[in-house]
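Since the structure comes first, as structure tokens, the remarks are kept for the end.
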Amino acid sequence: MLFDLFFKTRKPVEEDLPQASDGCGSGNCGCKKTPEPTTAEPDGYDMKLGKTMNRRAAFRQMTAGLLAGAGMVQASCSATSTGDKREEGQLKWEEYFKKNYRLMTDEEKSKTVERLERLYEINTGKTINVSTNGAVENVLYGYAFNISKCQGYMDCVNACVKENNQDRSSQMQYIRIHEMENGQLNFDDADDNYFHEVPAEGHFYLGTQCYHCENPPCVKVCPVGATWKEDDGIVVIDYDWCIGCRYCMAACPYDGRRFNWQTPEVPEEEVNHTQHYLGNRLRSKGVMEKCTFCIQRSRNGKNPACVEACPTGARIFGNILDPNSEIRWVLENKKVFRLKEDLGTEPKFWYYMD
Amino acid sequence: MQVFVQFIKDGFQSATKGNFTYHVWMATLTVLMLLGTFAYYIQLRDGLVVTGMSDKVSWGLYISNFTFLVGVAAAAVMLVLPTYVLKDINLKQAVLIGEGLAVAALIMCLAFVTVDLGGPARAWHLIPKLGYFNWPNSMLAWDVIVLNGYLFINITIPLYILFHHYQGKEPNKNVYLPGVLISVFWAVGIHMVTAFLYAGLPARPFWNSSLLGPRFLASAFSAGPALIILILSFIRRYTDYKIPNTTLRKLALVTTVAAQINLIMLISELFKEFYSPTHHSQSAVYLFFGLHGKTGLVPWIWSAISLNVIATGILTFHTLRNQFRWLALACGLLFVAIWIEKGMGLIVPGFIPGSWGDIVEYTPSLVEIMVTIGIWAMGAFIFTLLVKVAIPIELGRVRFGKRE
Amino acid sequence: MKQLAVLGILAVLIVLGVKCAPGQHDEGGHNGSHHLLEQLKYISVDSLNYEFSRFDQVDKEKLVQIHQLVEGAEQFLIPDRMAEMKSYPCSNCHSKSLEALQAGKAPGEKKSHWDIEIVHAKTVTMQCTTCHDPKNFNLLHSLTGAPIEFNHSYELCGQCHSTQQKDWLGGAHGKQVGGWAPPRVSQTCTGCHNPHKPAFEKRLPARLNTEWLK
Ligand code: SF4
Ligand code: SF4
């Protein structure tokens with residue numbers, strides 16, 4: 001309500017500062033006016049005034065006006081900047097004001113994807129492909145991990161890091177393999193930091209990662225709804241919406257989440273260019289990320305990278321709604337268990353033994 | 001309107017005038033704030049990696065201070081309730097100083113949350129309608145509402161009273177009393193909501209206790225009034241603002257009772273954790289005795305507990321409590337004890353051991369400490385300003401149309 | 001007056017509390033108090049029309065259908081091993097029968113496959129001809145002498161390893177190939193296990209752990 005009032009009274013004022021929304025302020029920065037865009041859609045720079053604006057557009061324009069003088073849009077203003085630089089500034093500006101992914105229309109989704117792809121091209125000269133594929137109907141993904149089979153080779157970890165463009169400098173890993181002594185399932189004495197020949201005598205190995213809880217506590221606590229459960233049961237994060245409060249990290253009982261404490265670095269030649277908006281696209285500093293069951297793969301019928309990389313077949317993935325799937329057979333015929341079941345999180349990640 | 005402009009101007013005047021000590025004090029705070037800003041700049045540039053936090057201990061000094069200050073903010077106003085019910089104390093003084101403290105504490109709270117964010121530039125996502133506000137599911141969303149609402153209440157009430165006094169009018173009790181009452185309940189609200197923020201996480205058994213909310217309140221009602229006693233003693237010593245002994249005595253009583261209740265709750269928690277320790281007691285074991293040779297928090301918590309016990313002991317004996325020197329000492333000790341207990345002693349052990357039993361310790365980094373000091377300096381700065389403006393008005397020295 | 005105000009505020013708080021209490025704001029629709037597996041029993045999915053299949057990932061031509069069909073699954077495919085083996089058929093080299101080979105060996109002449117060491121059960125239980133057909137090197141054979149093609153080694157292995165075979169047929173054992181969508185494609189026994197030395201080998205992990213690299 002308050003905001004409605006606010007914008008209603010502000011709107012006429014907007015007409016007094018036409019260049020403000022241009023991002024270039026009073027022209028003392030010496031850059032040319034943004035050329036007339038070729039696209040039909042108005043953006044933050046060429047928004048025609050007097051048009052009916054929605055609340056977001058008004059906010060965007062107002063902020064542009066307010067901040068233009070403060071040099072916030074320097075990137076698009078500096079006298080030395082090339083066309084690319086200016087375009088980059090523009091795109092980033094647009095990206096900054098986009099919506100939560102869940103609220104985007106299909107058109108808005110394809111717009112942001114276009115921007116992301118273009119930004120990558122400007123910065124690296126290479127092309128990426130960011131998918132926005134939705135959940136496949138009648139699918140609920142589930143995962144089973146055979147603790148008799150896992151030998152602790154950690155091929156899955158390597159594959160995951162590569163597939164999901166995880167930060168190389170902090171060596172982020174979604175998967176942890178815990179080496180446990182036979183005869184107890186005791187994490188306190190487990191070693192998730194081993195480096196010796198495996199399998200070690202008298203030990204077994206158990207892998208953990210995000211369990212894609214059916215009742216995910218991490219989703220409940222996010223103040224901005226930046227993380228949610230998709231219809232196919234995958235718990236995802238909108239990396240551009242996350243404000244980095246890390247409440248979800250505190251709420252996850254399974255150490256499933258990873259935070260970008262610094263700007264993630266992936267050498268260009270190692271970047272996986274096949275990406276998904278909610279999956280392995282490149283993240284920035286200060287946002288949360290985690291395993292997405294390789295959403296960019298699983299939604300195309302492929303197995304997650306860890307399943308594919310495991311040399312022992314200890315990892316089984318599939319649609320638990322399909323009565324003929326392997327995963328369903330495991331759940332119905334093997335003695336399966338989950339960790340910390342008492343918390344009621346209903347992980348879709350089961351363990352079993354031969 | 002013109003009156004209001006003049007009000008602001010006069011307020012500014014009295015805030016900038018002061019003796020040498022005052023200027024030194026403000027200058028020191030400014031320097032600390034600048035240092036904090038510089039540290040924050042480094043944190044913005046390089047990311048939160050410059051703090052001591054990690055994936056294992058993902059909240060640290062910032063959130064600890066936030067939690068503690070919510071208590072201070074809540075308690076600052078809570079002392080209005082007893083004063084109001086007991087009716088024998090000058091209510092307005094307590095209201096004004098208390099609410100000034102609440103404002104400063106709340107601004108610090110919001111600052112601490114902001115510096116803890118990984119993407120402060122995206123904080124607008126929290127604005128309902130513009131962003132996506134996960135309410136009522138997320139307790140953090142609740143916290144945003146209650147903190148901002150509380151800030152609003154605590155700015156408007158003193159402003160209303162001061163503005164009337166400034167014009168030499170008597171503020172209308174029917175206008176501000178409901179506000180005061182609401183803010184009293186709201187104070188309980190902010191503290192309970194903040195406690196629920198932690199208590200609602202089954203992932204962290206150390207926090208997941210129904211006693212957490214009440215314990216937050218008890219510790220806040222001892223730390224908050226303790227701070228106010230210190231401040232009031234200071235004010236009455238160095239300004240002409242008259243604060244009767246009874247005010248301090250009543251506050252001391254509140255502090256005492258709250259400290260005693262807090263101690264009882266502490267004992268009941270300790271009993272539960274150590275009489276029949278379960279796997280969920282691991283954090284408490286780590287906190288009090290250390291686990292697997294890691295003992296980072298042990299000295300902290302034991303000093304907090306000893307300070308707490310000593311302070312509560314002093315307060316319990318009337319003879320000691322009625323001597324203002326002892327009272328000030330006890331209040332100081334209590335304040336420090338609860339700061340440790342609510343901060344390093346509550347937030348950090350919640351993460352240790354981690355989800356899979358791994359013990360990664362946490363020590364705040366220099367940047368973190370500098371930012372924290374900067375924010376405390378900012379709080380002190382704001383509070384000093386508020387008091388500096390309020391006291392001359394209350395004393396009748398500054399009035400509309402009259403200048404000394 | 002004052003009491004009324006207090007009561008009013010309390011009422012508001014209670015209403016708010018109740019409003020947010022149940023926490024039933026789930027998105028998925030698969031939720032509730034029931035155990036997930038319990039719920040699966042009641043969910044019937046009638047149409048599973050994926051736009052993809054495992055044939056997108058693996059060449060259909062390089063797969064063969066197994067002999068025993070799993071109940072319910074129309075197809076269960078495994079890699080065509082005979083097409084993969086470098087020197088198949090074996091009779092290209094081994095044209096004589098085993099007896100003839102053993103009889104005509106010159107002193108000091110090395111046996112064929114002299115480098116293969118069998119680390120698979122004890123020698124009282126198993127030797128080369130337990131699996132290989134001594135009369136036709138192109139085939140394996142069962143304990144009772146029935147011929148088994150190299151592609152269908154699971155029939156052979158399953159004679160002893162019946163639990164594993166059952167798990168394999170069901171889907172708990174054996175690596176999934178080509179994704180998760182139908183039809184079933186799995187590694188066969190010999191895709192992962194060396195039949196002469198079936199246990200997985202000890203080796204260093206594929207990478208160092210994060211902590212190690214610091
Ligand atoms: S494992 Fe953790 S991060 Fe993953 S869905 Fe569950 S609570 Fe969320
Ligand atoms: S860190 Fe990001 S995803 Fe997690 S709760 Fe905060 S805003 Fe939500």
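Just remember, in the structure tokens the first chain shown is A, the second B, etc., residues are 1-based per chain, and ligands are 1-based in the order shown.
Residues surrounding Gln102 of chain C within 10 Å are Lys96, Ser97 and Lys111 of chain C [only C-alpha atoms; sequence separation below 5 positions excluded].
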If you count only C-alpha atoms and all ligand atoms, which residues end up within 7 Å of ligand 1, as a PyMOL selection string? chain A and resi 209-213+216-219+235+251-257+290+345+347
Output the selection as a short mmCIF file (atom, residue, chain, number, x, y, z; two decimals), in the first residue's frame - all heavy atoms for each residue.
```cif
data_model
loop_
_atom_site.label_atom_id
_atom_site.label_comp_id
_atom_site.auth_asym_id
_atom_site.auth_seq_id
_atom_site.Cartn_x
_atom_site.Cartn_y
_atom_site.Cartn_z
N GLN A 209 25.08 -35.56 0.15
CA GLN A 209 24.94 -34.36 -0.67
C GLN A 209 23.55 -33.82 -0.37
O GLN A 209 22.93 -34.29 0.59
CB GLN A 209 25.10 -34.71 -2.15
CG GLN A 209 24.12 -35.74 -2.67
CD GLN A 209 24.67 -36.49 -3.88
OE1 GLN A 209 25.63 -37.24 -3.78
NE2 GLN A 209 24.04 -36.29 -5.03
N CYS A 210 23.06 -32.85 -1.10
CA CYS A 210 21.68 -32.40 -0.84
C CYS A 210 20.74 -33.55 -1.14
O CYS A 210 20.84 -34.20 -2.16
CB CYS A 210 21.32 -31.20 -1.69
SG CYS A 210 19.55 -30.84 -1.65
N TYR A 211 19.80 -33.79 -0.21
CA TYR A 211 18.90 -34.93 -0.34
C TYR A 211 17.58 -34.58 -1.02
O TYR A 211 16.70 -35.41 -1.14
CB TYR A 211 18.58 -35.49 1.06
CG TYR A 211 19.74 -36.15 1.75
CD1 TYR A 211 19.73 -36.34 3.12
CD2 TYR A 211 20.84 -36.61 1.03
CE1 TYR A 211 20.79 -36.96 3.76
CE2 TYR A 211 21.89 -37.24 1.67
CZ TYR A 211 21.87 -37.41 3.03
OH TYR A 211 22.90 -38.03 3.67
N HIS A 212 17.42 -33.36 -1.41
CA HIS A 212 16.18 -32.92 -2.05
C HIS A 212 14.98 -33.37 -1.25
O HIS A 212 14.09 -34.07 -1.74
CB HIS A 212 16.13 -33.39 -3.50
CG HIS A 212 17.25 -32.79 -4.30
ND1 HIS A 212 17.16 -31.57 -4.90
CD2 HIS A 212 18.53 -33.20 -4.49
CE1 HIS A 212 18.32 -31.26 -5.46
NE2 HIS A 212 19.17 -32.23 -5.22
N CYS A 213 15.00 -32.93 0.00
CA CYS A 213 13.95 -33.30 0.94
C CYS A 213 12.58 -32.98 0.35
O CYS A 213 12.39 -31.94 -0.28
CB CYS A 213 14.12 -32.53 2.24
SG CYS A 213 15.75 -32.72 2.95
N PRO A 216 11.39 -29.77 2.68
CA PRO A 216 12.71 -29.18 2.92
C PRO A 216 12.70 -28.00 3.89
O PRO A 216 12.08 -26.98 3.63
CB PRO A 216 13.13 -28.70 1.52
CG PRO A 216 11.85 -28.51 0.79
CD PRO A 216 10.83 -29.43 1.39
N PRO A 217 13.37 -28.14 5.01
CA PRO A 217 13.43 -27.04 5.97
C PRO A 217 14.15 -25.82 5.40
O PRO A 217 13.87 -24.69 5.80
CB PRO A 217 14.20 -27.62 7.15
CG PRO A 217 14.89 -28.82 6.64
CD PRO A 217 14.09 -29.33 5.49
N CYS A 218 15.06 -26.04 4.47
CA CYS A 218 15.80 -24.91 3.90
C CYS A 218 14.88 -23.99 3.12
O CYS A 218 15.07 -22.78 3.09
CB CYS A 218 16.90 -25.44 2.98
SG CYS A 218 16.29 -26.53 1.69
N VAL A 219 13.87 -24.57 2.48
CA VAL A 219 12.97 -23.77 1.64
C VAL A 219 12.07 -22.91 2.52
O VAL A 219 11.82 -21.74 2.24
CB VAL A 219 12.12 -24.71 0.75
CG1 VAL A 219 10.94 -23.98 0.16
CG2 VAL A 219 12.98 -25.32 -0.33
N VAL A 235 15.06 -29.51 -5.33
CA VAL A 235 15.12 -28.26 -4.58
C VAL A 235 16.16 -27.37 -5.24
O VAL A 235 17.32 -27.75 -5.38
CB VAL A 235 15.48 -28.53 -3.11
CG1 VAL A 235 15.66 -27.23 -2.34
CG2 VAL A 235 14.39 -29.37 -2.46
N ALA A 251 19.46 -24.08 8.41
CA ALA A 251 18.28 -24.92 8.54
C ALA A 251 18.48 -26.31 7.96
O ALA A 251 17.73 -27.23 8.29
CB ALA A 251 17.10 -24.26 7.84
N CYS A 252 19.47 -26.48 7.10
CA CYS A 252 19.66 -27.80 6.48
C CYS A 252 20.34 -28.75 7.45
O CYS A 252 21.43 -28.47 7.92
CB CYS A 252 20.50 -27.67 5.21
SG CYS A 252 20.97 -29.29 4.57
N PRO A 253 19.70 -29.88 7.75
CA PRO A 253 20.31 -30.80 8.70
C PRO A 253 21.37 -31.69 8.07
O PRO A 253 21.94 -32.52 8.76
CB PRO A 253 19.13 -31.67 9.16
CG PRO A 253 17.93 -31.18 8.42
CD PRO A 253 18.38 -30.32 7.30
N TYR A 254 21.59 -31.54 6.77
CA TYR A 254 22.42 -32.52 6.06
C TYR A 254 23.66 -31.90 5.43
O TYR A 254 24.29 -32.52 4.59
CB TYR A 254 21.58 -33.20 4.98
CG TYR A 254 20.36 -33.89 5.53
CD1 TYR A 254 19.08 -33.42 5.28
CD2 TYR A 254 20.49 -35.03 6.32
CE1 TYR A 254 17.96 -34.05 5.78
CE2 TYR A 254 19.37 -35.67 6.83
CZ TYR A 254 18.12 -35.19 6.56
OH TYR A 254 17.03 -35.82 7.06
N ASP A 255 23.99 -30.70 5.79
CA ASP A 255 25.17 -30.07 5.21
C ASP A 255 25.07 -30.07 3.68
O ASP A 255 26.04 -30.32 2.98
CB ASP A 255 26.44 -30.82 5.68
CG ASP A 255 27.71 -30.11 5.28
OD1 ASP A 255 27.66 -28.89 5.10
OD2 ASP A 255 28.75 -30.78 5.15
N GLY A 256 23.86 -29.81 3.19
CA GLY A 256 23.64 -29.92 1.75
C GLY A 256 24.02 -28.67 0.98
O GLY A 256 24.14 -28.70 -0.23
N ARG A 257 24.19 -27.55 1.68
CA ARG A 257 24.34 -26.29 0.96
C ARG A 257 25.76 -25.75 1.01
O ARG A 257 26.49 -25.99 1.96
CB ARG A 257 23.36 -25.26 1.53
CG ARG A 257 21.94 -25.72 1.29
CD ARG A 257 20.92 -24.68 1.56
NE ARG A 257 19.69 -25.06 0.88
CZ ARG A 257 19.03 -24.27 0.05
NH1 ARG A 257 19.45 -23.05 -0.17
NH2 ARG A 257 17.94 -24.70 -0.55
N LYS A 290 24.06 -25.49 -4.42
CA LYS A 290 24.06 -26.86 -3.91
C LYS A 290 23.77 -27.81 -5.06
O LYS A 290 23.52 -27.37 -6.18
CB LYS A 290 23.01 -27.04 -2.82
CG LYS A 290 21.60 -26.85 -3.34
CD LYS A 290 20.63 -27.15 -2.25
CE LYS A 290 19.25 -27.30 -2.83
NZ LYS A 290 19.11 -28.41 -3.77
N THR A 345 12.03 -34.55 7.45
CA THR A 345 12.35 -33.83 6.23
C THR A 345 12.05 -34.64 4.98
O THR A 345 12.03 -34.11 3.89
CB THR A 345 13.83 -33.45 6.21
OG1 THR A 345 14.59 -34.61 6.55
CG2 THR A 345 14.13 -32.38 7.22
N PRO A 347 13.79 -36.96 3.09
CA PRO A 347 14.76 -36.86 2.00
C PRO A 347 14.38 -37.83 0.87
O PRO A 347 13.85 -38.90 1.13
CB PRO A 347 16.08 -37.31 2.63
CG PRO A 347 15.87 -37.24 4.09
CD PRO A 347 14.42 -37.44 4.33
#
```
Would you list the residues that come within 7 Å of ligand 2? Count only C-alpha atoms and all ligand atoms and give the answer as a list in words. Cys218, Val221, Cys222, Pro223, Val224, Gly225, Ala226, Thr227, Ile237, Cys242, Ile243, Gly244, Cys245, Arg246, Tyr247, Cys248, Met249, Val287 and Met288 of chain A
Just N, CA and C atoms for this one: save the residues we selected as a PDB file, in the first residue's frame.
```pdb
ATOM      1  N   CYS A 218      15.061 -26.041   4.466  1.00  0.00           N
ATOM      2  CA  CYS A 218      15.802 -24.914   3.899  1.00  0.00           C
ATOM      3  C   CYS A 218      14.880 -23.989   3.117  1.00  0.00           C
ATOM      4  N   VAL A 221      12.593 -21.567   5.334  1.00  0.00           N
ATOM      5  CA  VAL A 221      13.164 -20.443   6.067  1.00  0.00           C
ATOM      6  C   VAL A 221      13.625 -19.289   5.182  1.00  0.00           C
ATOM      7  N   CYS A 222      13.770 -19.519   3.893  1.00  0.00           N
ATOM      8  CA  CYS A 222      14.339 -18.464   3.054  1.00  0.00           C
ATOM      9  C   CYS A 222      13.436 -17.232   3.065  1.00  0.00           C
ATOM     10  N   PRO A 223      13.937 -16.085   3.499  1.00  0.00           N
ATOM     11  CA  PRO A 223      13.070 -14.921   3.641  1.00  0.00           C
ATOM     12  C   PRO A 223      12.601 -14.352   2.308  1.00  0.00           C
ATOM     13  N   VAL A 224      13.328 -14.631   1.231  1.00  0.00           N
ATOM     14  CA  VAL A 224      12.957 -14.025  -0.044  1.00  0.00           C
ATOM     15  C   VAL A 224      12.477 -15.062  -1.062  1.00  0.00           C
ATOM     16  N   GLY A 225      12.258 -16.277  -0.610  1.00  0.00           N
ATOM     17  CA  GLY A 225      11.776 -17.299  -1.535  1.00  0.00           C
ATOM     18  C   GLY A 225      12.724 -17.554  -2.682  1.00  0.00           C
ATOM     19  N   ALA A 226      14.022 -17.500  -2.389  1.00  0.00           N
ATOM     20  CA  ALA A 226      15.009 -17.710  -3.442  1.00  0.00           C
ATOM     21  C   ALA A 226      15.286 -19.184  -3.648  1.00  0.00           C
ATOM     22  N   THR A 227      14.738 -20.017  -2.811  1.00  0.00           N
ATOM     23  CA  THR A 227      14.962 -21.450  -2.967  1.00  0.00           C
ATOM     24  C   THR A 227      13.622 -22.144  -2.785  1.00  0.00           C
ATOM     25  N   ILE A 237      17.750 -23.270  -6.349  1.00  0.00           N
ATOM     26  CA  ILE A 237      18.026 -21.920  -5.853  1.00  0.00           C
ATOM     27  C   ILE A 237      18.066 -20.972  -7.046  1.00  0.00           C
ATOM     28  N   CYS A 242      18.864 -14.840  -4.507  1.00  0.00           N
ATOM     29  CA  CYS A 242      19.386 -15.101  -3.167  1.00  0.00           C
ATOM     30  C   CYS A 242      20.128 -13.879  -2.641  1.00  0.00           C
ATOM     31  N   ILE A 243      19.838 -13.521  -1.395  1.00  0.00           N
ATOM     32  CA  ILE A 243      20.514 -12.361  -0.814  1.00  0.00           C
ATOM     33  C   ILE A 243      21.683 -12.787   0.068  1.00  0.00           C
ATOM     34  N   GLY A 244      21.882 -14.074   0.175  1.00  0.00           N
ATOM     35  CA  GLY A 244      23.058 -14.554   0.908  1.00  0.00           C
ATOM     36  C   GLY A 244      22.966 -14.456   2.416  1.00  0.00           C
ATOM     37  N   CYS A 245      21.760 -14.659   2.973  1.00  0.00           N
ATOM     38  CA  CYS A 245      21.641 -14.549   4.428  1.00  0.00           C
ATOM     39  C   CYS A 245      22.081 -15.829   5.127  1.00  0.00           C
ATOM     40  N   ARG A 246      22.134 -16.924   4.394  1.00  0.00           N
ATOM     41  CA  ARG A 246      22.609 -18.206   4.901  1.00  0.00           C
ATOM     42  C   ARG A 246      21.699 -18.822   5.962  1.00  0.00           C
ATOM     43  N   TYR A 247      20.456 -18.378   5.981  1.00  0.00           N
ATOM     44  CA  TYR A 247      19.512 -18.996   6.915  1.00  0.00           C
ATOM     45  C   TYR A 247      19.255 -20.445   6.496  1.00  0.00           C
ATOM     46  N   CYS A 248      19.200 -20.660   5.179  1.00  0.00           N
ATOM     47  CA  CYS A 248      18.925 -22.005   4.678  1.00  0.00           C
ATOM     48  C   CYS A 248      20.032 -22.969   5.083  1.00  0.00           C
ATOM     49  N   MET A 249      21.235 -22.432   5.145  1.00  0.00           N
ATOM     50  CA  MET A 249      22.380 -23.260   5.503  1.00  0.00           C
ATOM     51  C   MET A 249      22.250 -23.724   6.957  1.00  0.00           C
ATOM     52  N   VAL A 287      26.312 -15.863  -2.946  1.00  0.00           N
ATOM     53  CA  VAL A 287      25.044 -16.572  -3.086  1.00  0.00           C
ATOM     54  C   VAL A 287      25.209 -18.040  -2.709  1.00  0.00           C
ATOM     55  N   MET A 288      24.071 -18.645  -2.451  1.00  0.00           N
ATOM     56  CA  MET A 288      24.046 -20.036  -2.029  1.00  0.00           C
ATOM     57  C   MET A 288      23.984 -20.929  -3.263  1.00  0.00           C
TER      58      MET A 288
END
```
Could you list, as a VMD selection string, every residue within 8 Å of segment 158-169 of chain C, counting only C-alpha atoms and ignoring same-chain residues fewer than 4 positions away? (chain A and resid 354) or (chain C and resid 70 142 to 143 154 173 to 174)
For the contact check between chain B and chain C, emit one row per residue of chain B within 8 Å, containing the shortest atom pair and the distance in Å rounded to one decimal, counting only C-alpha atoms, chain then rising number order, as a tab-separated table.
```
residue	atom	partner	partner_atom	distance
B:Pro136	CA	C:Cys20	CA	5.8
B:Asn137	CA	C:Gly23	CA	6.9
B:Pro178	CA	C:Ala5	CA	7.5
B:Leu181	CA	C:Val6	CA	7.7
B:Ile182	CA	C:Ile9	CA	7.4
B:Phe185	CA	C:Ile9	CA	7.7
```
Could you list, as a PyMOL selection string, the residues of chain B having an atom within 6 Å of chain A when counting only C-alpha atoms? chain B and resi 47-49+117-119+122+126+132-134+137-138+140-141+201+203+355-357
Could you take the residues named above and write them with N, CA and C atoms, as a compact mmCIF listing (two decimals), in the first residue's frame?
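Generated output (part.txt):
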```txt
# COMPACT_ATOMS: atom_id res chain seq x y z
N GLY B 47 34.33 -10.33 -0.65
CA GLY B 47 33.34 -11.32 -0.24
C GLY B 47 33.52 -11.69 1.21
N LEU B 48 32.57 -12.49 1.68
CA LEU B 48 32.57 -12.83 3.10
C LEU B 48 33.73 -13.75 3.48
N VAL B 49 34.55 -14.08 2.49
CA VAL B 49 35.69 -14.94 2.77
C VAL B 49 36.66 -14.24 3.74
N LEU B 117 24.87 -10.07 5.10
CA LEU B 117 24.33 -10.56 3.83
C LEU B 117 25.45 -10.76 2.80
N GLY B 118 25.30 -11.80 2.02
CA GLY B 118 26.25 -12.01 0.94
C GLY B 118 26.00 -11.04 -0.21
N GLY B 119 24.75 -10.67 -0.40
CA GLY B 119 24.41 -9.76 -1.49
C GLY B 119 23.57 -8.61 -0.99
N ARG B 122 21.17 -6.81 -3.20
CA ARG B 122 19.90 -7.43 -3.56
C ARG B 122 18.90 -7.39 -2.41
N LEU B 126 13.72 -8.13 -0.33
CA LEU B 126 12.97 -8.33 0.91
C LEU B 126 11.76 -7.43 1.01
N TYR B 132 10.04 -10.59 -3.10
CA TYR B 132 9.27 -11.80 -2.85
C TYR B 132 9.45 -12.05 -1.37
N PHE B 133 8.41 -11.81 -0.64
CA PHE B 133 8.54 -11.85 0.80
C PHE B 133 7.95 -13.16 1.29
N ASN B 134 8.79 -14.05 1.76
CA ASN B 134 8.33 -15.39 2.15
C ASN B 134 7.69 -15.34 3.53
N ASN B 137 6.02 -17.94 6.25
CA ASN B 137 6.81 -19.15 6.48
C ASN B 137 8.16 -18.87 7.13
N SER B 138 8.84 -17.86 6.65
CA SER B 138 10.20 -17.65 7.12
C SER B 138 10.23 -16.76 8.36
N LEU B 140 12.66 -15.27 9.41
CA LEU B 140 13.47 -14.09 9.11
C LEU B 140 12.60 -12.99 8.51
N ALA B 141 11.62 -13.41 7.73
CA ALA B 141 10.68 -12.44 7.17
C ALA B 141 9.90 -11.79 8.31
N LEU B 201 14.67 -24.48 14.14
CA LEU B 201 15.53 -25.27 13.27
C LEU B 201 15.89 -26.62 13.90
N ALA B 203 17.43 -28.79 12.65
CA ALA B 203 18.76 -29.17 12.20
C ALA B 203 19.82 -28.84 13.24
N SER B 355 26.72 -30.75 10.81
CA SER B 355 25.68 -31.73 10.54
C SER B 355 26.20 -33.15 10.58
N TRP B 356 27.44 -33.35 10.20
CA TRP B 356 28.00 -34.69 10.18
C TRP B 356 29.06 -34.87 11.26
N GLY B 357 28.88 -34.15 12.37
CA GLY B 357 29.75 -34.38 13.51
C GLY B 357 31.14 -33.79 13.38
```
Would you please extract all alpha helix (DSSP H) residues from segment 178-246 of chain B, as assigned by DSSP on the backbone, and give them as a ChimeraX atom specification? /B:178-199,212-238,245-246
